[in-house]
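J.: The file below is my_file06.txt, compact mmCIF, C-alpha atoms:
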```txt
# COMPACT_ATOMS: atom_id res chain seq x y z
CA MET A 1 20.81 -13.88 -5.14
CA GLN A 2 20.02 -10.58 -6.79
CA ALA A 3 22.97 -8.45 -7.74
CA GLN A 4 23.12 -5.08 -6.02
CA SER A 5 24.77 -1.79 -6.88
CA ALA A 6 25.30 1.32 -4.77
CA VAL A 7 23.30 4.00 -6.49
CA ALA A 8 22.96 6.30 -3.54
CA GLN A 9 25.07 6.71 -0.43
CA GLU A 10 22.38 5.23 1.78
CA ILE A 11 20.37 3.07 -0.65
CA SER A 12 21.40 0.03 -2.65
CA PHE A 13 19.35 -0.95 -5.70
CA ALA A 14 18.72 -4.55 -6.59
CA GLN A 15 18.61 -5.91 -10.13
CA PRO A 16 15.97 -8.50 -11.10
CA PRO A 17 16.89 -11.78 -12.76
CA GLU A 18 17.45 -11.43 -16.50
CA SER A 19 16.96 -7.67 -16.26
CA THR A 20 18.05 -5.53 -19.17
CA ILE A 21 19.17 -2.85 -16.72
CA THR A 22 22.91 -2.88 -16.23
CA ASN A 23 24.74 -1.48 -13.24
CA ALA A 24 26.29 1.18 -15.44
CA VAL A 25 22.90 2.37 -16.68
CA ILE A 26 21.54 2.59 -13.14
CA VAL A 27 24.57 4.30 -11.63
CA ASN A 28 25.34 6.83 -14.34
CA GLY A 29 24.02 10.25 -13.36
CA MET A 30 21.79 9.04 -10.52
CA PRO A 31 21.39 11.56 -7.67
CA LYS A 32 22.96 10.62 -4.37
CA GLY A 33 21.99 10.93 -0.73
CA ALA A 34 19.17 13.33 0.07
CA GLU A 35 19.02 14.38 -3.58
CA LEU A 36 17.53 10.97 -4.34
CA VAL A 37 14.20 11.98 -2.80
CA THR A 38 14.39 15.75 -3.31
CA CYS A 39 15.49 15.85 -6.96
CA ARG A 40 13.48 17.77 -9.54
CA GLY A 41 13.74 18.60 -13.22
CA HIS A 42 16.06 16.52 -15.37
CA GLU A 43 17.38 14.43 -12.47
CA GLN A 44 13.85 13.53 -11.44
CA GLU A 45 12.95 12.60 -15.01
CA ARG A 46 15.95 10.25 -15.12
CA LEU A 47 15.03 8.70 -11.78
CA HIS A 48 11.44 8.04 -12.84
CA ALA A 49 12.45 6.79 -16.29
CA ARG A 50 14.78 4.23 -14.74
CA ALA A 51 12.06 3.11 -12.35
CA VAL A 52 9.76 2.54 -15.33
CA GLU A 53 12.50 0.62 -17.11
CA ALA A 54 12.92 -1.56 -14.02
CA VAL A 55 9.23 -2.38 -13.66
CA ARG A 56 8.86 -3.08 -17.39
CA ALA A 57 11.82 -5.46 -17.32
CA TYR A 58 10.23 -7.49 -14.53
CA PHE A 59 6.45 -7.13 -15.08
CA GLY A 60 6.11 -5.85 -18.62
CA ARG A 61 3.16 -3.48 -19.13
CA ARG A 62 0.75 -5.46 -17.01
CA VAL A 63 -0.63 -3.90 -13.83
CA PHE A 64 -2.50 -5.73 -11.08
CA LEU A 65 -6.10 -4.62 -10.51
CA ARG A 66 -7.39 -4.89 -6.97
CA GLY A 67 -10.62 -3.91 -5.31
CA VAL A 68 -10.78 -2.68 -1.74
CA VAL A 69 -13.69 -2.84 0.67
CA GLU A 70 -13.45 -0.90 3.94
CA ILE A 71 -15.66 -2.92 6.24
CA SER A 72 -15.19 -1.18 9.61
CA ASN A 73 -14.05 2.23 10.80
CA PHE A 74 -13.85 1.26 14.46
CA CYS A 75 -10.25 1.66 15.61
CA ARG A 76 -8.56 1.09 18.94
CA GLU A 77 -5.53 3.21 17.93
CA ASN A 78 -5.12 6.97 18.26
CA CYS A 79 -2.66 7.98 15.51
CA LEU A 80 -2.30 11.76 15.30
CA TYR A 81 -2.35 11.67 11.48
CA CYS A 82 -5.46 9.52 10.94
CA GLY A 83 -9.08 10.64 10.97
CA MET A 84 -10.27 7.26 12.29
CA ARG A 85 -8.34 7.69 15.54
CA ARG A 86 -10.36 6.52 18.51
CA GLU A 87 -10.70 10.03 20.00
CA ASN A 88 -12.43 11.38 16.89
CA GLN A 89 -16.03 11.77 18.05
CA SER A 90 -17.25 13.24 14.75
CA LEU A 91 -17.45 9.87 12.98
CA ASP A 92 -20.43 7.61 12.71
CA ARG A 93 -18.79 4.28 13.43
CA TYR A 94 -19.89 1.32 11.34
CA ARG A 95 -19.31 -2.35 10.62
CA ALA A 96 -20.57 -3.48 7.24
CA ARG A 97 -22.91 -6.47 7.11
CA LEU A 98 -21.44 -9.79 6.04
CA ASP A 99 -24.35 -10.74 3.77
CA ASP A 100 -24.34 -7.36 2.02
CA LEU A 101 -20.61 -7.61 1.36
CA SER A 102 -20.93 -11.18 0.12
CA GLU A 103 -23.64 -10.21 -2.35
CA LEU A 104 -21.60 -7.28 -3.64
CA LEU A 105 -18.29 -9.10 -3.99
CA ILE A 106 -19.52 -12.47 -5.22
CA HIS A 107 -22.22 -11.33 -7.63
CA HIS A 108 -21.63 -7.66 -8.48
CA ARG A 109 -17.89 -7.02 -8.42
CA PRO A 110 -16.17 -5.34 -11.40
CA THR A 111 -15.08 -7.88 -13.99
CA SER A 112 -11.55 -6.49 -14.35
CA MET A 113 -10.42 -7.02 -10.76
CA THR A 114 -8.43 -10.13 -9.87
CA ASP A 115 -7.74 -9.38 -6.19
CA LEU A 116 -9.58 -7.98 -3.20
CA ASN A 117 -8.16 -6.14 -0.20
CA ILE A 118 -10.26 -6.25 2.96
CA GLN A 119 -9.48 -3.27 5.15
CA THR A 120 -10.55 -2.06 8.58
CA GLY A 121 -9.46 0.19 11.37
CA GLU A 122 -7.79 -1.84 14.10
CA ASP A 123 -11.00 -3.68 15.00
CA PRO A 124 -10.58 -7.29 16.16
CA VAL A 125 -14.36 -7.65 16.52
CA ALA A 126 -14.89 -7.06 12.79
CA VAL A 127 -12.07 -9.47 12.00
CA ARG A 128 -13.76 -12.25 13.94
CA GLU A 129 -17.37 -11.55 12.97
CA THR A 130 -17.03 -10.41 9.36
CA VAL A 131 -13.58 -10.69 7.80
CA ILE A 132 -12.87 -14.37 8.40
CA PRO A 133 -16.30 -15.64 7.25
CA LEU A 134 -16.20 -13.28 4.26
CA ILE A 135 -12.82 -14.66 3.16
CA ARG A 136 -14.19 -18.20 3.39
CA ARG A 137 -17.11 -17.31 1.15
CA LEU A 138 -14.87 -15.55 -1.36
CA ARG A 139 -12.49 -18.49 -1.60
CA GLU A 140 -15.39 -20.90 -2.07
CA GLN A 141 -17.23 -18.87 -4.71
CA THR A 142 -14.71 -16.65 -6.52
CA PRO A 143 -11.19 -16.91 -7.98
CA LEU A 144 -10.12 -13.68 -6.27
CA GLY A 145 -6.79 -13.39 -4.54
CA VAL A 146 -7.39 -12.00 -1.04
CA SER A 147 -5.26 -9.54 0.91
CA VAL A 148 -6.08 -8.03 4.29
CA CYS A 149 -5.11 -4.81 6.05
CA LEU A 150 -6.26 -5.22 9.65
CA GLY A 151 -3.45 -3.99 11.91
CA THR A 152 -1.65 -6.04 14.54
CA LEU A 153 -3.54 -9.11 15.74
CA ALA A 154 -2.90 -12.16 17.91
CA PRO A 155 -0.75 -14.80 16.14
CA ASN A 156 -3.59 -17.35 16.18
CA VAL A 157 -5.84 -14.88 14.36
CA TYR A 158 -3.24 -14.53 11.63
CA ASP A 159 -3.41 -18.32 11.32
CA GLU A 160 -7.21 -18.28 11.07
CA LEU A 161 -7.12 -15.63 8.36
CA GLN A 162 -4.56 -17.66 6.45
CA ALA A 163 -6.57 -20.86 6.84
CA ALA A 164 -9.64 -19.05 5.53
CA GLY A 165 -7.76 -18.23 2.34
CA ALA A 166 -6.03 -14.83 2.63
CA THR A 167 -2.42 -14.83 1.40
CA ILE A 168 -1.23 -11.20 1.49
CA TYR A 169 -1.04 -9.12 4.68
CA ILE A 170 -0.67 -5.34 4.45
CA ILE A 171 0.81 -3.78 7.59
CA LYS A 172 2.54 -0.42 7.28
CA PHE A 173 5.45 0.56 9.49
CA GLU A 174 4.54 4.20 8.80
CA ILE A 175 7.72 5.84 10.18
CA ALA A 176 11.22 4.41 10.54
CA ASP A 177 12.21 6.68 13.43
CA SER A 178 11.04 5.19 16.73
CA GLY A 179 10.93 8.58 18.45
CA ALA A 180 8.69 10.10 15.79
CA TYR A 181 6.62 6.92 15.79
CA THR A 182 5.92 7.41 19.49
CA ARG A 183 5.30 11.16 19.21
CA LEU A 184 2.71 10.59 16.49
CA SER A 185 0.97 7.86 18.52
CA ALA A 186 1.36 5.37 15.68
CA PRO A 187 0.01 1.88 16.47
CA GLY A 188 1.71 0.25 19.45
CA SER A 189 5.46 0.72 19.18
CA LEU A 190 7.71 0.59 16.14
CA GLU A 191 9.50 -2.43 17.57
CA GLU A 192 6.19 -4.27 17.99
CA ARG A 193 5.09 -3.34 14.48
CA LEU A 194 8.31 -4.64 12.93
CA GLU A 195 8.12 -7.87 14.91
CA HIS A 196 4.60 -8.49 13.57
CA ILE A 197 5.86 -7.90 10.02
CA ARG A 198 8.61 -10.45 10.55
CA LEU A 199 6.22 -12.88 12.26
CA LEU A 200 3.79 -12.73 9.35
CA ALA A 201 6.59 -13.41 6.88
CA ARG A 202 7.74 -16.40 8.95
CA LYS A 203 4.19 -17.74 8.88
CA GLY A 204 4.24 -17.73 5.08
CA TRP A 205 2.30 -14.57 4.35
CA LYS A 206 3.35 -12.30 1.52
CA VAL A 207 3.74 -9.08 3.46
CA SER A 208 3.36 -5.58 2.06
CA SER A 209 4.26 -2.57 4.17
CA GLY A 210 4.48 1.17 3.63
CA PHE A 211 5.36 4.56 5.04
CA ILE A 212 4.24 8.18 5.02
CA ALA A 213 6.30 10.77 3.12
CA GLY A 214 6.27 14.42 4.13
CA LEU A 215 5.13 14.26 7.75
CA PRO A 216 5.60 17.53 9.68
CA GLY A 217 9.25 17.90 10.66
CA GLN A 218 10.39 14.98 8.53
CA SER A 219 13.80 15.54 6.92
CA ALA A 220 15.16 14.09 3.69
CA GLN A 221 17.35 11.81 5.82
CA ASP A 222 14.26 10.60 7.68
CA VAL A 223 12.72 9.69 4.33
CA LEU A 224 15.88 7.83 3.31
CA ASP A 225 15.67 5.95 6.59
CA ASN A 226 12.16 4.83 5.62
CA LEU A 227 13.54 3.45 2.36
CA LYS A 228 16.37 1.69 4.15
CA LEU A 229 14.00 0.05 6.63
CA ALA A 230 11.71 -1.11 3.83
CA ARG A 231 14.68 -2.72 2.10
CA GLU A 232 15.68 -4.59 5.25
CA LEU A 233 12.25 -6.09 5.98
CA PRO A 234 10.97 -9.41 4.52
CA LEU A 235 8.49 -7.77 2.16
CA ALA A 236 6.84 -8.58 -1.14
CA GLY A 237 5.69 -5.00 -1.69
CA CYS A 238 5.65 -1.50 -0.25
CA SER A 239 3.58 1.65 -0.61
CA VAL A 240 4.32 5.34 -0.11
CA SER A 241 1.55 7.63 1.14
CA PRO A 242 1.83 11.41 0.93
CA PHE A 243 1.10 13.16 4.20
CA ILE A 244 -2.31 14.81 3.94
CA PRO A 245 -3.54 16.66 7.06
CA GLY A 246 -6.57 14.75 8.22
CA GLU A 247 -9.86 16.25 9.32
CA ALA A 248 -10.51 16.09 13.05
CA THR A 249 -6.87 15.26 13.84
CA PRO A 250 -4.24 17.21 15.81
CA LEU A 251 -2.34 17.69 12.52
CA ALA A 252 -5.29 19.19 10.63
CA SER A 253 -3.52 22.55 10.16
CA ALA A 254 -0.15 21.11 9.10
CA PRO A 255 0.96 21.59 5.47
CA ARG A 256 0.46 18.69 3.11
CA SER A 257 3.49 17.06 1.57
CA ASP A 258 4.85 17.68 -1.91
CA VAL A 259 3.67 15.02 -4.34
CA ASN A 260 7.18 14.89 -5.83
CA LEU A 261 8.58 13.52 -2.59
CA THR A 262 6.14 10.62 -2.71
CA LEU A 263 6.80 9.94 -6.40
CA ASN A 264 10.57 9.98 -5.90
CA CYS A 265 10.22 7.52 -3.02
CA MET A 266 8.11 5.23 -5.23
CA ALA A 267 10.77 5.35 -7.94
CA ALA A 268 13.52 4.62 -5.40
CA LEU A 269 11.58 1.63 -4.06
CA ARG A 270 11.20 0.29 -7.57
CA LEU A 271 14.91 0.56 -8.26
CA MET A 272 15.71 -1.06 -4.92
CA ARG A 273 13.35 -3.95 -5.61
CA PRO A 274 12.18 -4.42 -9.21
CA ASP A 275 10.21 -7.51 -8.13
CA TRP A 276 7.99 -5.74 -5.57
CA ILE A 277 4.32 -4.87 -5.84
CA ILE A 278 4.14 -1.07 -5.52
CA PRO A 279 0.71 0.60 -5.64
CA ALA A 280 -0.35 3.92 -7.09
CA ILE A 281 -2.65 5.14 -4.33
CA SER A 282 -5.69 7.37 -4.83
CA ALA A 283 -4.27 10.02 -2.46
CA LEU A 284 -1.87 11.02 -5.24
CA ASN A 285 -4.83 12.77 -6.84
CA LEU A 286 -5.52 14.63 -3.60
CA VAL A 287 -2.03 16.14 -3.48
CA GLU A 288 -1.94 16.77 -7.24
CA PRO A 289 -5.51 16.77 -8.60
CA GLY A 290 -5.93 15.40 -12.09
CA THR A 291 -2.36 14.26 -12.70
CA GLY A 292 -0.94 12.76 -9.50
CA TYR A 293 -2.32 9.26 -10.04
CA ARG A 294 -1.04 8.91 -13.58
CA ARG A 295 2.34 10.26 -12.50
CA GLY A 296 2.44 7.40 -9.99
CA LEU A 297 2.09 4.97 -12.89
CA ARG A 298 5.09 6.68 -14.52
CA CYS A 299 7.49 6.05 -11.64
CA GLY A 300 7.26 2.32 -11.09
CA ALA A 301 3.79 1.50 -9.73
CA ASN A 302 2.30 -1.83 -10.83
CA LEU A 303 -0.86 -2.05 -8.71
CA VAL A 304 -4.06 -0.03 -8.89
CA THR A 305 -7.03 -0.25 -6.53
CA MET A 306 -10.70 0.48 -7.13
CA ASN A 307 -12.88 1.35 -4.17
CA LEU A 308 -15.88 -0.94 -3.63
CA THR A 309 -16.96 0.32 -0.21
CA PRO A 310 -20.71 0.99 -0.25
CA PRO A 311 -21.25 4.72 -0.90
CA ASP A 312 -23.26 5.25 2.29
CA LEU A 313 -20.25 4.12 4.35
CA ARG A 314 -17.32 5.69 2.48
CA ALA A 315 -17.46 9.16 4.01
CA ASN A 316 -16.94 7.73 7.48
CA TYR A 317 -13.86 5.74 6.48
CA LEU A 318 -11.92 8.87 7.24
CA ILE A 319 -8.19 8.52 6.72
CA TYR A 320 -7.73 12.06 5.39
CA LYS A 321 -10.99 13.89 4.73
CA ARG A 322 -14.59 13.13 3.84
CA ASP A 323 -14.24 14.54 0.33
CA ARG A 324 -12.36 11.50 -1.01
CA PHE A 325 -11.07 10.85 -4.49
CA ILE A 326 -12.69 7.52 -5.30
CA MET A 327 -10.99 5.36 -7.90
CA THR A 328 -13.68 3.54 -9.85
CA GLU A 329 -13.16 0.80 -12.43
CA GLU A 330 -13.79 3.35 -15.19
CA ARG A 331 -11.21 5.80 -13.84
CA ILE A 332 -8.63 3.07 -13.38
CA LEU A 333 -9.04 1.54 -16.81
CA SER A 334 -8.92 5.01 -18.36
CA ALA A 335 -5.68 5.85 -16.53
CA LEU A 336 -4.07 2.57 -17.57
CA ALA A 337 -5.06 3.03 -21.19
CA ALA A 338 -3.71 6.58 -21.21
CA GLU A 339 -0.34 5.29 -19.95
CA GLY A 340 -0.20 2.37 -22.39
CA LEU A 341 -0.66 -0.20 -19.63
CA THR A 342 -2.88 -3.29 -19.50
CA PRO A 343 -4.69 -5.07 -16.65
CA SER A 344 -3.01 -8.25 -15.49
CA PRO A 345 -5.17 -11.35 -16.03
CA THR A 346 -3.31 -12.95 -13.11
CA SER A 347 -4.03 -12.21 -9.47
CA MET A 348 -1.22 -11.23 -7.15
CA ALA A 349 -1.89 -14.41 -5.17
CA ASP A 350 -1.38 -16.54 -8.30
CA PHE A 351 1.66 -14.49 -9.26
CA PHE A 352 3.32 -15.17 -5.91
CA GLU A 353 2.38 -18.83 -5.99
CA SER A 354 3.81 -19.18 -9.49
CA ASN A 355 7.06 -17.58 -8.39
CA ARG A 356 7.20 -19.89 -5.37
CA SER A 357 6.78 -22.91 -7.68
CA ASN A 358 9.54 -21.69 -9.97
```
Take the structure I supplied and represent it as structure tokens, if you would.
T.:
Amino acid sequence: MQAQSAVAQEISFAQPPESTITNAVIVNGMPKGAELVTCRGHEQERLHARAVEAVRAYFGRRVFLRGVVEISNFCRENCLYCGMRRENQSLDRYRARLDDLSELLIHHRPTSMTDLNIQTGEDPVAVRETVIPLIRRLREQTPLGVSVCLGTLAPNVYDELQAAGATIYIIKFEIADSGAYTRLSAPGSLEERLEHIRLLARKGWKVSSGFIAGLPGQSAQDVLDNLKLARELPLAGCSVSPFIPGEATPLASAPRSDVNLTLNCMAALRLMRPDWIIPAISALNLVEPGTGYRRGLRCGANLVTMNLTPPDLRANYLIYKRDRFIMTEERILSALAAEGLTPSPTSMADFFESNRSN
């Protein structure tokens, strides 16, 4: 069992096996309580430096490289913060063609990527007609590890996805407060979302979740509650997304969140769980153009994602706004090189399987 130390009043940080980080190093001078996520200046530098030390001790300088393809923007949900909400009539809805995706991903994918994430709005039709057959083709013809981000589905569909060859399921809990979850019309109910996370873990999936930092009205304590919930769930990874007011949403006029809040949450996650997969997401460059993404790599991230969605479809995969910051292979490799990091030759799927064997 991993040793734990109380670094903040509400958050306990775990130490990886054979880590060079001692309890004394972690505890000394670390901000407490709300200051953990609101700290700036020297305290923030210390927090991020310790997160980097934690990720280096467990993963070295290697970072996982994943592609993502967004195959459908149909969505049955109506989240107030998402541009793909079902009431948004300004979108051209699409489902990408299976044969086109197969050609792209089997024969023309970037050589550096070891994993693929298949993502949709909550669209069970696309799951049945496109996602499952696509996974089968990928497993037959490529060495790619496959993750999926498809929302809540029937348990038997989870089994079919797993049988096809997917091993990682991404399902974000978004908000730890059930009242705020309901007010923001997040998918289903928080209780249902958490039960699906636990169900997936029981079925043998490696589950990654995530939450939004800086939502309107969200307090520092609310953010700490997100971290606490993440720690309590059976996860293999977690992301933090900055709140960005989405086009054609009821929150379009709300202020965007401070990038520092997101970065501090990423660092706190890393110190809580040095063994987790924590992504640097492209939205960091929307809240801090030019530097946000690389700052994410300096506070504990060990996963980067390049967007492979066909260009004629991307603008309608509207999470935030149509003017997206697209992470290409060139941009990702450049950012890694600038930070002294190297692409992992091992997929996340192989990494998890190796750890299971050990």
J.: Give the answer as one residue: which of A:Ala176, A:Val259, A:Ala164, A:Leu313 has the shortest atom-to-atom distance to Ile71 of chain A, using only C-alpha atoms?
T.: A:Leu313
J.: Any idea what the distance is between atom CA of Tyr293 of chain A and atom CA of Gly246 of chain A?
T.: 19.5 Å
J.: From the list A:Leu36, A:Ile332, A:Leu297, A:Met306, which residue is nearest Arg109 of chain A when using all atoms listed in the file?
T.: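 Nearest to Arg109 of chain A: A:Met306.
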J.: Please identify all polymer residues within 8 Å of Met348 of chain A, counting all atoms listed in the file, omitting same-chain residues fewer than 6 positions from it, and present them as an MDAnalysis selection string.
T.: chainID A and resid 64 114:115 145
J.: Between atom CA of Arg46 of chain A and atom CA of Arg270 of chain A, what distance in Å does the model show, to one decimal?
T.: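 Pair atom CA of Arg46 of chain A / atom CA of Arg270 of chain A returns 13.4 Å.
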J.: Of the candidates A:Thr342, A:Ser257, A:Gln221, A:Thr328, which shows the shortest atom-to-atom distance to Ser282 of chain A, using all atoms listed in the file?
T.: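 With all atoms listed in the file as the atom set, the closest residue is A:Thr328.
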J.: Contacts of Thr130 of chain A at 10 Å or less, counting all atoms listed in the file, minus same-chain residues fewer than 5 places along, as a list in words?
T.: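 Those residues are Ile71, Ser72, Arg95, Ala96, Arg97, Leu98, Asp99, Leu101, Pro124, Val125 and Ile135 of chain A.
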J.: Take the residues that were just selected and, keeping C-alpha atoms, output them as a PDB file, keeping the file's coordinate frame.
T.:
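part-v6.pdb, freshly written:
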```pdb
ATOM      1  CA  ILE A  71     -15.660  -2.920   6.240  1.00  0.00           C
ATOM      2  CA  SER A  72     -15.190  -1.180   9.610  1.00  0.00           C
ATOM      3  CA  ARG A  95     -19.310  -2.350  10.620  1.00  0.00           C
ATOM      4  CA  ALA A  96     -20.570  -3.480   7.240  1.00  0.00           C
ATOM      5  CA  ARG A  97     -22.910  -6.470   7.110  1.00  0.00           C
ATOM      6  CA  LEU A  98     -21.440  -9.790   6.040  1.00  0.00           C
ATOM      7  CA  ASP A  99     -24.350 -10.740   3.770  1.00  0.00           C
ATOM      8  CA  LEU A 101     -20.610  -7.610   1.360  1.00  0.00           C
ATOM      9  CA  PRO A 124     -10.580  -7.290  16.160  1.00  0.00           C
ATOM     10  CA  VAL A 125     -14.360  -7.650  16.520  1.00  0.00           C
ATOM     11  CA  ILE A 135     -12.820 -14.660   3.160  1.00  0.00           C
TER      12      ILE A 135
END
```
J.: Got a sec to check which residues sit within 10 Å of (15.0, 4.6, 4.6), counting all atoms listed in the file, and write them as a PyMOL selection string?
T.: chain A and resi 10-11+175-177+211+220-232+265+269
J.: Residues of the last selection are to be written out with C-alpha atoms, as a PDB file, in the coordinates of the input.
T.:
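Result file is selection_28.pdb:
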```
ATOM      1  CA  GLU A  10      22.380   5.230   1.780  1.00  0.00           C
ATOM      2  CA  ILE A  11      20.370   3.070  -0.650  1.00  0.00           C
ATOM      3  CA  ILE A 175       7.720   5.840  10.180  1.00  0.00           C
ATOM      4  CA  ALA A 176      11.220   4.410  10.540  1.00  0.00           C
ATOM      5  CA  ASP A 177      12.210   6.680  13.430  1.00  0.00           C
ATOM      6  CA  PHE A 211       5.360   4.560   5.040  1.00  0.00           C
ATOM      7  CA  ALA A 220      15.160  14.090   3.690  1.00  0.00           C
ATOM      8  CA  GLN A 221      17.350  11.810   5.820  1.00  0.00           C
ATOM      9  CA  ASP A 222      14.260  10.600   7.680  1.00  0.00           C
ATOM     10  CA  VAL A 223      12.720   9.690   4.330  1.00  0.00           C
ATOM     11  CA  LEU A 224      15.880   7.830   3.310  1.00  0.00           C
ATOM     12  CA  ASP A 225      15.670   5.950   6.590  1.00  0.00           C
ATOM     13  CA  ASN A 226      12.160   4.830   5.620  1.00  0.00           C
ATOM     14  CA  LEU A 227      13.540   3.450   2.360  1.00  0.00           C
ATOM     15  CA  LYS A 228      16.370   1.690   4.150  1.00  0.00           C
ATOM     16  CA  LEU A 229      14.000   0.050   6.630  1.00  0.00           C
ATOM     17  CA  ALA A 230      11.710  -1.110   3.830  1.00  0.00           C
ATOM     18  CA  ARG A 231      14.680  -2.720   2.100  1.00  0.00           C
ATOM     19  CA  GLU A 232      15.680  -4.590   5.250  1.00  0.00           C
ATOM     20  CA  CYS A 265      10.220   7.520  -3.020  1.00  0.00           C
ATOM     21  CA  LEU A 269      11.580   1.630  -4.060  1.00  0.00           C
TER      22      LEU A 269
END
```
J.: Select, from A:Glu160, A:Glu35, A:Asp275, A:Asp92, the residue with the minimum atom-to-atom distance to Asp312 of chain A, counting all atoms listed in the file.
T.: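 Among A:Glu160, A:Glu35, A:Asp275, A:Asp92, it is A:Asp92 that comes nearest to Asp312 of chain A.
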J.: Choose the residue, out of A:Phe74, A:Tyr169, A:Tyr158, A:Trp276, that has the smallest atom-to-atom separation from Ile118 of chain A; count only C-alpha atoms.
T.: A:Tyr169
